[in-house]
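Undergrad: Here it is, the structure in full.
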Amino acid sequence: MVFYLKYRPQTLSELVGQKMVADTLEKSVLNNKAAHAYLFYGPRGVGKTSTARILAKMVNCDGESKPCNTCFACLSISDGSNLDFIEIDAASNRGIDDIRDLRDKIKLSASNLKKKVYIIDEVHMLTTEAFNALLKTLEEPPAHVLFILATTEIQKVPQTILSRVQRLDFKGPTSMDIAEALKRVVKGEKLDIDDEALALISQKSDGSFRDGVKLLDQLASQNQKITKDFVEQTLGLSKTEVTNQLIKMLIQKDSQASLNLVSQAFEQGSDPKEFLNQLLESLRSVLLIKHGALEVVKRNCSEESLAELSNLAELASSNDLVRILKVFEEASEKRKFSSIPSLPIEIGVVESCLAEVGSVSSQPHPMSSLVETSSPRLRALDGATRSLPPTPVEDLSDEKVVMSVQGSSSNDMSTLQDKWNYVLETIHPYNFSLEALLRVVKIGSCQDAQLILKVPYAFHQRILETPRNREMVESVVSDILGKKILVNCELDQTAAQFNDMANVDVAADDEVIRIAAEIFNS
């Protein structure tokens, strides 16, 4: 059996670093004042599910101590065989039908335990409808039922749910807490390990007891003495260490070292999506610390990680952090459509290391990050659009132009109609979702440097009027007509109009709209 299952805490006394939680649960059960529903909140791998199992045994134990781990109730809950002990993964059972099924079954009394216990892990993954279905049950559950909800993202749990449960916050463990938990495994398995190696494993656990035990299991499987050098050679850098080291290099604008570090991480098996998510989370933490929100970050990381993030906050300026965050937010969007998963991250690294640009006119064009791989025609287009004068922001957000078709410039209209396929072909390599939407757009009018596009649904209007999409269309159209063109969208009154993206599925007969809706809802 793997170590993290074999050495999972079985009593409250075996929980490390969660004294407040342990004391609260012990007193409430001993005084017969246990709540009907609990919410366990804290970082991953800190013991939420293990504590839920312990609580389930405490309220059902037949022995004198709670839990005794020798009676039928304790043993059957420990091995998961008891039918009155139900663990639900909300990530895979998140719909309203799953909750309705649960709600129907809780009416039945427990068959062989004092209380039926439902543990809903990752409860924040439930849909809004599922949460609503759970409300009444949580507020007035049968006396024979105990609910224990667990989450790592409490901000995604509705306030209506929070008001119906007793919340217990689990702290992120320090390296010393993790080392203490690992000593129990070392003693039980009689492992030959140095103190320095144990401390290093604790530091590489990313504030997770479970990760620490899994790392120890990995090292112990090689049947040799575990030394500090052996740990460094086998494990390398943790995800948090890599992203924190990358942030430092980005702040120092060292593009070469940053690219080498990213390349090394991917060669060692890091997933680009997870790597980018971790990087954004670390950057967010540094930004929050920089602006005094230390307590927000403190709840979700160890003391060692907090100290490292605080050092990065001192090293970076607010402008640098905001700029780098924006770059990698865009990289996160581009990654979904990139044929090379790591490319948007690598481009983001280079952009982050560039000197901050002061004027609008000298900023890179939004299409320039991909122009190096473009055809000669697109490189020529990029050069042409760079020379266009900057468009004031207020012109894009405030100006509403309504033109009639009769008043349009016939030459410009004719040119655009003839070259509309060229517009689509030019935009496709950079944003095929935008191209899909433009295929259902009509040219309403084009006069006095204003192009009005007629769109069938409000959904299209919202997407096309985002600054990035509008600017891309304007660049291509301006190049075709040889003058600066501003683009605005209007709903086509002859088409069916919908006020919410959710209503786009009504237009399922239009294959292009259906595909575009799926893309933008993903």
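Letters for chains follow the order of the structure tokens (A, B, ...), residue numbers begin at 1 for each chain, and ligand numbers begin at 1 in the order shown.
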If you count only C-alpha atoms, which residues fall within 10 Å of Thr426 of chain A, apart from same-chain ones fewer than 3 positions away, as a count of residues only?

TA: 15

Undergrad: Residues of segment 82-319 of chain A in alpha helix (DSSP H) according to DSSP, as an MDAnalysis selection string?

TA: chainID A and resid 96:105 128:139 159:162 175:189 195:203 209:220 228:235 239:251 255:267 272:290 294:298 303:315 318:319

Undergrad: Which residues, written as a list in words, have at least one atom at most 9 Å from segment 101-116 of chain A, with only C-alpha atoms counted and residues fewer than 6 positions away on the same chain left out?

TA: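 The contact residues come out as Ala56, Val59, Asn60, Cys61, Ala73, Asn82, Leu83, Asp84, Phe85, Ile86, Ala133, Leu134, Thr137, Pro141, Pro142, Ala143, His144, Val145, Leu146 and Phe147 of chain A.
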
Undergrad: Output N, CA and C atoms for every residue in that selection, as an mmCIF file, in the first residue's frame.

TA:
data_model
loop_
_atom_site.group_PDB
_atom_site.id
_atom_site.type_symbol
_atom_site.label_atom_id
_atom_site.label_comp_id
_atom_site.auth_asym_id
_atom_site.auth_seq_id
_atom_site.Cartn_x
_atom_site.Cartn_y
_atom_site.Cartn_z
ATOM 1 N N ALA A 56 -16.339 11.220 10.991
ATOM 2 C CA ALA A 56 -17.360 10.203 10.724
ATOM 3 C C ALA A 56 -17.251 9.050 11.724
ATOM 4 N N VAL A 59 -18.510 10.203 15.429
ATOM 5 C CA VAL A 59 -19.952 10.270 15.696
ATOM 6 C C VAL A 59 -20.610 8.891 15.635
ATOM 7 N N ASN A 60 -19.868 7.870 15.193
ATOM 8 C CA ASN A 60 -20.441 6.528 15.068
ATOM 9 C C ASN A 60 -19.742 5.473 15.909
ATOM 10 N N CYS A 61 -18.642 5.835 16.586
ATOM 11 C CA CYS A 61 -17.814 4.861 17.304
ATOM 12 C C CYS A 61 -18.590 4.192 18.445
ATOM 13 N N ALA A 73 -17.823 -0.019 13.347
ATOM 14 C CA ALA A 73 -18.059 1.276 12.708
ATOM 15 C C ALA A 73 -16.746 1.911 12.256
ATOM 16 N N ASN A 82 -18.423 0.654 4.442
ATOM 17 C CA ASN A 82 -19.729 0.846 5.070
ATOM 18 C C ASN A 82 -20.664 1.615 4.143
ATOM 19 N N LEU A 83 -21.858 1.074 3.922
ATOM 20 C CA LEU A 83 -22.818 1.682 2.998
ATOM 21 C C LEU A 83 -23.404 2.982 3.530
ATOM 22 N N ASP A 84 -23.278 3.223 4.833
ATOM 23 C CA ASP A 84 -23.785 4.470 5.416
ATOM 24 C C ASP A 84 -22.736 5.571 5.419
ATOM 25 N N PHE A 85 -21.568 5.267 4.898
ATOM 26 C CA PHE A 85 -20.495 6.256 4.777
ATOM 27 C C PHE A 85 -20.264 6.504 3.290
ATOM 28 N N ILE A 86 -20.635 7.679 2.824
ATOM 29 C CA ILE A 86 -20.626 7.964 1.383
ATOM 30 C C ILE A 86 -19.698 9.137 1.084
ATOM 31 N N ALA A 133 -30.304 22.934 -5.171
ATOM 32 C CA ALA A 133 -30.993 21.717 -4.751
ATOM 33 C C ALA A 133 -30.524 21.237 -3.382
ATOM 34 N N LEU A 134 -29.290 21.606 -3.024
ATOM 35 C CA LEU A 134 -28.707 21.162 -1.759
ATOM 36 C C LEU A 134 -29.103 22.049 -0.576
ATOM 37 N N THR A 137 -31.770 20.828 2.060
ATOM 38 C CA THR A 137 -31.261 19.639 2.757
ATOM 39 C C THR A 137 -30.223 20.027 3.803
ATOM 40 N N PRO A 141 -31.454 18.994 7.653
ATOM 41 C CA PRO A 141 -31.218 17.583 7.317
ATOM 42 C C PRO A 141 -31.857 16.675 8.361
ATOM 43 N N PRO A 142 -32.143 15.421 8.007
ATOM 44 C CA PRO A 142 -32.653 14.474 9.002
ATOM 45 C C PRO A 142 -31.651 14.308 10.145
ATOM 46 N N ALA A 143 -32.140 13.942 11.304
ATOM 47 C CA ALA A 143 -31.274 13.821 12.486
ATOM 48 C C ALA A 143 -30.216 12.741 12.331
ATOM 49 N N HIS A 144 -30.466 11.784 11.439
ATOM 50 C CA HIS A 144 -29.514 10.680 11.285
ATOM 51 C C HIS A 144 -28.447 10.957 10.222
ATOM 52 N N VAL A 145 -28.346 12.209 9.756
ATOM 53 C CA VAL A 145 -27.420 12.536 8.659
ATOM 54 C C VAL A 145 -26.423 13.603 9.095
ATOM 55 N N LEU A 146 -25.154 13.413 8.696
ATOM 56 C CA LEU A 146 -24.099 14.417 8.900
ATOM 57 C C LEU A 146 -23.472 14.719 7.548
ATOM 58 N N PHE A 147 -23.424 16.004 7.194
ATOM 59 C CA PHE A 147 -22.774 16.442 5.958
ATOM 60 C C PHE A 147 -21.406 17.047 6.284
#

Undergrad: With DSSP run on the backbone, what are the strand (DSSP E or B) residues within segment 158-286 of chain A? I'd like them as a compact mmCIF listing (two decimals) with N, CA and C atoms, in the first residue's frame.

TA:
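The resulting file, selection.txt, is shown below:
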# COMPACT_ATOMS: atom_id res chain seq x y z
N GLN A 166 -21.17 24.86 9.43
CA GLN A 166 -20.14 25.35 10.35
C GLN A 166 -18.79 25.24 9.64
N ARG A 167 -18.15 26.38 9.48
CA ARG A 167 -16.90 26.43 8.70
C ARG A 167 -15.69 26.26 9.61
N LEU A 168 -14.77 25.38 9.17
CA LEU A 168 -13.49 25.19 9.85
C LEU A 168 -12.37 25.38 8.84
N ASP A 169 -11.44 26.28 9.16
CA ASP A 169 -10.34 26.59 8.25
C ASP A 169 -9.09 25.80 8.60
N ILE A 193 17.39 7.69 6.50
CA ILE A 193 17.31 9.02 5.88
C ILE A 193 17.99 10.05 6.76
N ILE A 226 18.65 7.63 1.93
CA ILE A 226 18.14 8.88 1.38
C ILE A 226 18.94 10.04 1.96

Undergrad: Give me the segment 52-110 of chain A side of the contact with segment 148-162 of chain A, cut-off 12 Å, one line per residue showing its nearest atom pair and distance in Å at one decimal, counting only C-alpha atoms, sorted by chain and residue number, as a tab-separated table.

TA:
residue	atom	partner	partner_atom	distance
A:Ala52	CA	A:Ile148	CA	6.5
A:Arg53	CA	A:Ile148	CA	9.4
A:Ile54	CA	A:Ile148	CA	11.3
A:Leu55	CA	A:Ile148	CA	9.0
A:Ala56	CA	A:Ile148	CA	8.9
A:Phe85	CA	A:Ile148	CA	11.2
A:Ile86	CA	A:Ile148	CA	10.4
A:Glu87	CA	A:Ile148	CA	9.4
A:Ile88	CA	A:Leu149	CA	9.6
A:Asp89	CA	A:Ala150	CA	9.9
A:Ala90	CA	A:Ala150	CA	9.7
A:Ala91	CA	A:Thr151	CA	10.9

Undergrad: Identify which of the residues A:Leu39, A:Ala197, A:Leu215, A:Leu280 lies closest to Asp121 of chain A, counting only C-alpha atoms when measuring atom-to-atom distances.

TA: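 Distance minimum relative to Asp121 of chain A lands on A:Leu39.
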
Undergrad: Between atom CA of Met1 of chain A and atom CA of Gly42 of chain A, measure the distance and give it in Å to one decimal.

TA: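 If I compute the distance from atom CA of Met1 of chain A to atom CA of Gly42 of chain A, I get 26.3 Å.
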